[in-house]
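Encoded as structure tokens, the structure appears first; notes follow it.
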Amino acid sequence: MTPRPNAPLLPTAWATIGPFFPQTFFRDGDNDLTRLTPDAPPTAQGAPMWLTGRVLQEGGGPCVNAVLEAWQADAAGRFRHPRDPDWRLADPGFHFWGRAWTDAEGRFAFRTVIPGGYRDAAGPRAPHINLAIIGSGIMGRLATTVFLPGFAEAHAVDPVLAALPAALRPLLVAAEDGAGPDGAPRFALDLLLRGDPARETPFFED
Amino acid sequence: MMIPDRFDPVDPATQPVVPIPGYPNTVTRNPSRPPFRRVLTRTELTGPLDLSGKLRPGDDNLAVLAPGRMAQGQLIHVGGRVLDEDGRPVAGAIVELWQANAGGRYFHPIDTRDAPLDPDFIGNGRTRSDSAGRFAFFTIKPGAYPVPNSGRWWRPPHIHISVLGPGSLMRLVTQMYFPGDPLNAIDRILNSVPDAAARARCIAGFVSPEAVEGDWQGFTHDLVLRGRHATPPL
Ligand SMILES: [Fe+3]
């Protein structure tokens, strides 16, 4: 029997059904919040940083072909959006939003600036980055928030962290992880979509 | 541009129930804990108003890969509006779309099923809703495909759609089905949505040929980003 040109491989658990997010939706630079377009200069405001990690599924295996979308304030804690009272002062060179893609090991990376905290009607927000995760088997999306190390006092009063049982709060605080290729500090957090309840990433309704 | 100022809670009857039999990723990738309720602060209530610097629109014809290179299959036109929970048009939303070819196969390294690839069909596009919230794509009707290791489950023809509205809470990832397909009634993904009216909102409308200009079969599909009449996320 002659081999067929596109004979099926034995499907693995993740390969059996889409959605097969097109890799053409993701281009170099989409994960860089410091630039308005892939070839624009980086913003002059704030301290650059990297947010990296892995997206893991039950059993600890990598969640490949997942899309992550980041949304955060600029270095001064402002958004370029009319619902921010100071939106006219927001950093004109910052993009606030970025999209990353997980590789074969489930790894993702965003380049951004350390977000500023801000005072909200609901309470003082610690520096944070909101993430949405989209991928096969995740109907719609999963929403969570990543905090940065070194802001313990702000974490203690953040109204979103307060929505979690105290034991789960550390699961949303990234760890120092050296420096990225450009020397900017790197913070790492793995996102476990399902698993040991003591380690499973907390997600939020929206 | 309309800036969202109100976000009704999502009705659970419009949300898919997981896991779905034969769909292993719904078992391994959905949290075991229900999501935590949080107060909505500025980060949640704001969102990207203009993504065209990063997600460039202008790719709304999937049927023509290049001049003289047309995809195989039934040519279709899908048009509709992006709406908020009050039925108001959402302008400037990024609408992304991807689908299988006419033989039911994706142009994607993960799709290794033994179905024909079409050298003239990639199957993904991106556009932006206009000031009246309207969007449109020219493409071909995707084929149905069997889900491996699922016990004879076939996905009906469907188009995957992703919408980025002007707010973090107006982010929709869903699928559009075609009216009248016998596989719709037995699709496990569509049937994971408990509410029948919500399921019906995932099925496109057929447009009378008299109302379509040019030689395309016409379908209409509105995308409601939030609220009581929201399009279910799939
Ligand atoms: Fe599909």
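Labels for the structure tokens follow display order: chains A, B, ..., residues from 1 in each chain, ligands from 1.
Within 7 Å of Thr144 (chain A), once only C-alpha atoms are used and residues closer than 3 positions along the same chain are dropped, the contacting residues are Asn130, Leu131, Ala132, Pro202, Phe203 and Phe204 of chain A.
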**Request:** Could you pull out the residues sitting within 10 Å of ligand 1, using only C-alpha atoms and all ligand atoms, and write them as a PyMOL selection string?
**Result:** (chain A and resi 17-21+136) or (chain B and resi 98-100+104-106+142-145+147+155-160+175-176)
Save the residues we just selected, N, CA and C atoms, as a compact mmCIF listing (two decimals), in the first residue's frame?
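Output file part-v7.txt follows:
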```txt
# COMPACT_ATOMS: atom_id res chain seq x y z
N ILE A 17 -9.11 18.23 17.98
CA ILE A 17 -10.15 19.16 17.55
C ILE A 17 -9.67 20.58 17.77
N GLY A 18 -10.12 21.46 16.90
CA GLY A 18 -9.72 22.86 16.99
C GLY A 18 -10.41 23.54 18.14
N PRO A 19 -10.60 24.82 18.14
CA PRO A 19 -10.28 25.67 17.00
C PRO A 19 -8.78 25.82 16.77
N PHE A 20 -8.42 25.76 15.50
CA PHE A 20 -7.02 25.88 15.11
C PHE A 20 -6.71 27.34 14.85
N PHE A 21 -6.36 28.05 15.88
CA PHE A 21 -6.12 29.49 15.71
C PHE A 21 -5.02 29.71 14.68
N SER A 136 -8.18 26.15 22.08
CA SER A 136 -9.03 24.99 21.88
C SER A 136 -9.48 24.42 23.23
N TRP B 98 -11.83 32.54 10.91
CA TRP B 98 -11.05 31.46 10.30
C TRP B 98 -11.92 30.24 10.15
N GLN B 99 -11.55 29.39 9.18
CA GLN B 99 -12.44 28.29 8.83
C GLN B 99 -11.70 27.21 8.06
N ALA B 100 -12.34 26.04 7.97
CA ALA B 100 -11.82 24.95 7.15
C ALA B 100 -12.11 25.24 5.67
N GLY B 104 -13.39 20.51 4.35
CA GLY B 104 -13.45 20.32 5.80
C GLY B 104 -12.09 20.23 6.47
N ARG B 105 -11.04 20.75 5.81
CA ARG B 105 -9.71 20.69 6.43
C ARG B 105 -9.16 22.10 6.63
N TYR B 106 -8.50 22.28 7.77
CA TYR B 106 -7.87 23.56 8.07
C TYR B 106 -6.47 23.61 7.49
N PRO B 142 -17.40 26.47 4.26
CA PRO B 142 -16.51 25.41 4.75
C PRO B 142 -17.21 24.05 4.71
N GLY B 143 -16.43 22.98 4.59
CA GLY B 143 -16.97 21.64 4.66
C GLY B 143 -17.14 21.19 6.10
N ALA B 144 -17.98 20.17 6.28
CA ALA B 144 -18.08 19.52 7.59
C ALA B 144 -16.84 18.65 7.77
N TYR B 145 -16.52 18.34 9.03
CA TYR B 145 -15.40 17.43 9.25
C TYR B 145 -15.66 16.54 10.45
N VAL B 147 -14.67 14.54 13.85
CA VAL B 147 -13.76 14.77 14.97
C VAL B 147 -13.12 13.44 15.32
N ARG B 155 -18.37 17.74 12.95
CA ARG B 155 -18.66 19.17 13.08
C ARG B 155 -19.41 19.63 11.84
N PRO B 156 -20.54 20.32 12.03
CA PRO B 156 -21.22 20.91 10.87
C PRO B 156 -20.35 22.02 10.27
N PRO B 157 -20.64 22.41 9.03
CA PRO B 157 -19.92 23.57 8.50
C PRO B 157 -20.04 24.76 9.47
N HIS B 158 -18.93 25.39 9.78
CA HIS B 158 -18.96 26.51 10.71
C HIS B 158 -17.77 27.42 10.46
N ILE B 159 -17.91 28.66 10.86
CA ILE B 159 -16.84 29.66 10.74
C ILE B 159 -16.52 30.15 12.14
N HIS B 160 -15.24 30.09 12.52
CA HIS B 160 -14.80 30.62 13.81
C HIS B 160 -14.67 32.14 13.71
N GLN B 175 -18.59 30.74 17.15
CA GLN B 175 -18.65 30.05 15.87
C GLN B 175 -19.99 30.35 15.21
N MET B 176 -19.95 30.51 13.89
CA MET B 176 -21.17 30.74 13.12
C MET B 176 -21.52 29.48 12.35
```
Listing only residues of chain B within 8 Å of chain A, what is the closest atom pair and its distance in Å (to one decimal) for each, using only C-alpha atoms, sorted by chain and residue number ascending, as a tab-separated table?
```
residue	atom	partner	partner_atom	distance
B:Ile3	CA	A:Pro82	CA	7.9
B:Pro9	CA	A:Asp206	CA	7.5
B:Val10	CA	A:Asp206	CA	7.9
B:Pro16	CA	A:Met139	CA	6.9
B:Tyr23	CA	A:Ile17	CA	6.8
B:Pro24	CA	A:Ala13	CA	6.1
B:Asn25	CA	A:Gly137	CA	4.3
B:Thr26	CA	A:Gly137	CA	4.1
B:Val27	CA	A:Gly137	CA	7.6
B:Thr28	CA	A:Glu58	CA	4.7
B:Arg29	CA	A:Gln57	CA	5.2
B:Asn30	CA	A:Arg194	CA	5.9
B:Pro31	CA	A:Arg194	CA	4.6
B:Ser32	CA	A:Arg194	CA	6.0
B:Arg33	CA	A:Pro202	CA	7.8
B:Pro34	CA	A:Phe203	CA	8.0
B:Pro35	CA	A:Phe204	CA	4.7
B:Phe36	CA	A:Phe204	CA	4.6
B:Arg37	CA	A:Glu205	CA	5.2
B:Arg38	CA	A:Val160	CA	5.7
B:Val39	CA	A:Val160	CA	6.5
B:Leu40	CA	A:Ala122	CA	7.9
B:Thr41	CA	A:Asp120	CA	6.4
B:Arg42	CA	A:Asp84	CA	6.8
B:Thr43	CA	A:Gln72	CA	6.6
B:Leu45	CA	A:Arg83	CA	7.3
B:Thr46	CA	A:His81	CA	6.1
B:Gly47	CA	A:His81	CA	7.2
B:Pro48	CA	A:Trp97	CA	6.6
B:Leu49	CA	A:His81	CA	7.3
B:Gly53	CA	A:Thr37	CA	5.1
B:Lys54	CA	A:Thr37	CA	5.6
B:Leu55	CA	A:Phe25	CA	7.9
B:Trp98	CA	A:Pro22	CA	7.1
B:Tyr106	CA	A:Phe20	CA	7.5
B:His108	CA	A:Phe20	CA	6.8
B:Ile110	CA	A:Ala15	CA	6.1
B:Asp111	CA	A:Ala15	CA	7.3
B:Thr112	CA	A:Pro8	CA	5.4
B:Arg113	CA	A:Pro8	CA	4.9
B:Asp114	CA	A:Ala7	CA	5.3
B:Ala115	CA	A:Asn6	CA	7.5
B:Asn124	CA	A:Pro22	CA	7.0
B:Val147	CA	A:Ile17	CA	6.2
B:Pro148	CA	A:Thr16	CA	5.6
B:Asn149	CA	A:Thr16	CA	7.4
B:His160	CA	A:Pro19	CA	7.4
B:Ser168	CA	A:Trp71	CA	7.8
B:Leu169	CA	A:Asp206	CA	6.5
B:Leu172	CA	A:Gly140	CA	6.5
B:Val173	CA	A:Gly140	CA	5.1
B:Thr174	CA	A:Gly140	CA	6.7
B:Pro233	CA	A:Gly140	CA	4.4
B:Leu234	CA	A:Met139	CA	4.8
```
So which residues of region 2-109 of chain B fall under helix (DSSP H, G or I) by DSSP, listed as a tab-separated table (two decimals) with all heavy atoms, in the first residue's frame?
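Produced file states-v6.tsv, reproduced below:
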```
chain	number	residue	atom	x	y	z
B	12	PRO	N	-26.05	32.68	32.55
B	12	PRO	CA	-25.41	31.35	32.49
B	12	PRO	C	-26.05	30.41	31.46
B	12	PRO	O	-25.36	29.55	30.92
B	12	PRO	CB	-25.60	30.79	33.91
B	12	PRO	CG	-26.03	31.92	34.75
B	12	PRO	CD	-26.54	33.02	33.87
B	13	ALA	N	-27.35	30.58	31.17
B	13	ALA	CA	-28.01	29.69	30.20
B	13	ALA	C	-27.46	29.88	28.79
B	13	ALA	O	-27.70	29.06	27.91
B	13	ALA	CB	-29.51	29.92	30.20
B	14	THR	N	-26.75	30.98	28.57
B	14	THR	CA	-26.18	31.25	27.25
B	14	THR	C	-24.73	30.78	27.16
B	14	THR	O	-24.10	30.94	26.11
B	14	THR	CB	-26.23	32.75	26.92
B	14	THR	OG1	-25.35	33.45	27.83
B	14	THR	CG2	-27.63	33.30	27.06
B	25	ASN	N	-9.82	18.57	25.08
B	25	ASN	CA	-9.32	19.85	25.60
B	25	ASN	C	-10.31	20.52	26.55
B	25	ASN	O	-9.92	21.35	27.38
B	25	ASN	CB	-8.99	20.80	24.45
B	25	ASN	CG	-7.70	20.42	23.74
B	25	ASN	OD1	-6.90	19.65	24.27
B	25	ASN	ND2	-7.51	20.94	22.55
B	26	THR	N	-11.60	20.20	26.41
B	26	THR	CA	-12.56	20.80	27.34
B	26	THR	C	-12.45	20.17	28.73
B	26	THR	O	-12.93	20.73	29.71
B	26	THR	CB	-14.02	20.68	26.85
B	26	THR	OG1	-14.37	19.30	26.74
B	26	THR	CG2	-14.22	21.39	25.53
B	27	VAL	N	-11.81	18.99	28.80
B	27	VAL	CA	-11.59	18.35	30.10
B	27	VAL	C	-10.34	18.91	30.76
B	27	VAL	O	-10.33	19.21	31.95
B	27	VAL	CB	-11.45	16.82	29.92
B	27	VAL	CG1	-11.18	16.14	31.27
B	27	VAL	CG2	-12.68	16.24	29.25
B	28	THR	N	-9.27	19.05	29.97
B	28	THR	CA	-7.96	19.35	30.56
B	28	THR	C	-7.69	20.84	30.68
B	28	THR	O	-6.71	21.23	31.30
B	28	THR	CB	-6.85	18.73	29.68
B	28	THR	OG1	-6.99	19.25	28.36
B	28	THR	CG2	-6.94	17.23	29.66
B	42	ARG	N	-11.10	50.11	36.74
B	42	ARG	CA	-10.81	50.76	35.46
B	42	ARG	C	-10.18	49.78	34.45
B	42	ARG	O	-10.45	49.87	33.27
B	42	ARG	CB	-9.82	51.91	35.73
B	42	ARG	CG	-10.17	53.17	35.03
B	42	ARG	CD	-9.31	54.29	35.56
B	42	ARG	NE	-9.83	54.85	36.79
B	42	ARG	CZ	-9.09	55.47	37.72
B	42	ARG	NH1	-7.79	55.58	37.55
B	42	ARG	NH2	-9.64	55.97	38.79
B	43	THR	N	-9.36	48.87	34.93
B	43	THR	CA	-8.70	47.95	33.99
B	43	THR	C	-9.72	47.10	33.26
B	43	THR	O	-9.55	46.80	32.07
B	43	THR	CB	-7.71	47.04	34.74
B	43	THR	OG1	-7.02	47.81	35.71
B	43	THR	CG2	-6.71	46.42	33.79
B	44	GLU	N	-10.78	46.69	33.97
B	44	GLU	CA	-11.80	45.86	33.33
B	44	GLU	C	-12.75	46.71	32.48
B	44	GLU	O	-13.25	46.24	31.46
B	44	GLU	CB	-12.61	45.10	34.38
B	44	GLU	CG	-11.82	44.02	35.10
B	44	GLU	CD	-10.84	44.58	36.12
B	44	GLU	OE1	-11.19	45.53	36.83
B	44	GLU	OE2	-9.69	44.08	36.18
B	45	LEU	N	-13.00	47.94	32.90
B	45	LEU	CA	-14.01	48.76	32.21
B	45	LEU	C	-13.46	49.50	31.01
B	45	LEU	O	-14.21	50.06	30.21
B	45	LEU	CB	-14.63	49.77	33.20
B	45	LEU	CG	-15.38	49.10	34.36
B	45	LEU	CD1	-15.83	50.14	35.37
B	45	LEU	CD2	-16.59	48.32	33.84
```
**Request:** Find the residues near Ala102 (chain B): any atom within 9 Å, counting only C-alpha atoms, skip ones fewer than 6 places away on the same chain, and give them as a list in words.
**Result:**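 Non-adjacent residues within range: Ala71, Gln72, Gly73, Gln74, Pro116, Asp118, Ile140, Lys141, Pro142, Gly143 and Ala144 of chain B.
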Would you export the selected residues with C-alpha atoms as an mmCIF file, in the first residue's frame, please?
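out_16.cif, written as the output of this step:
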```
data_model
loop_
_atom_site.group_PDB
_atom_site.id
_atom_site.type_symbol
_atom_site.label_atom_id
_atom_site.label_comp_id
_atom_site.auth_asym_id
_atom_site.auth_seq_id
_atom_site.Cartn_x
_atom_site.Cartn_y
_atom_site.Cartn_z
ATOM 1 C CA ALA B 71 -10.473 28.883 -3.657
ATOM 2 C CA GLN B 72 -12.506 25.747 -4.394
ATOM 3 C CA GLY B 73 -16.025 25.708 -3.074
ATOM 4 C CA GLN B 74 -19.319 27.554 -2.931
ATOM 5 C CA PRO B 116 -7.806 17.479 0.746
ATOM 6 C CA ASP B 118 -6.715 23.517 -1.247
ATOM 7 C CA ILE B 140 -16.293 29.894 0.582
ATOM 8 C CA LYS B 141 -18.634 27.635 2.494
ATOM 9 C CA PRO B 142 -16.513 25.409 4.748
ATOM 10 C CA GLY B 143 -16.969 21.641 4.663
ATOM 11 C CA ALA B 144 -18.079 19.517 7.591
#
```
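Proximity ranking of B:Pro194, B:Gly68, B:Gly58, B:Pro21 relative to Thr127 (chain B) places B:Gly58 first, based on only C-alpha atoms.
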**Message:** For the structure I just gave you, how does DSSP split region 96-176 of chain A - specifically, which residues are strand (DSSP E)? Reply as a VMD selection string.
**Reply:** chain A and resid 97 to 101 107 to 113 118 to 120 123 to 125 128 to 135 138 to 147 175 to 176
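Distances here use only C-alpha atoms; by that measure, the residue among B:Val207, B:Leu97, B:Trp154, B:Cys202 closest to Ile186 (chain B) is B:Trp154.
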**Message:** Neighbouring residues of Val67 (chain A) were defined as those with any atom within 6 Å, considering only C-alpha atoms; residues of the same chain fewer than 2 positions away were excluded. Please report them as a list in words.
**Reply:** Ala100, Trp101, Ile133 and Ile134 of chain A
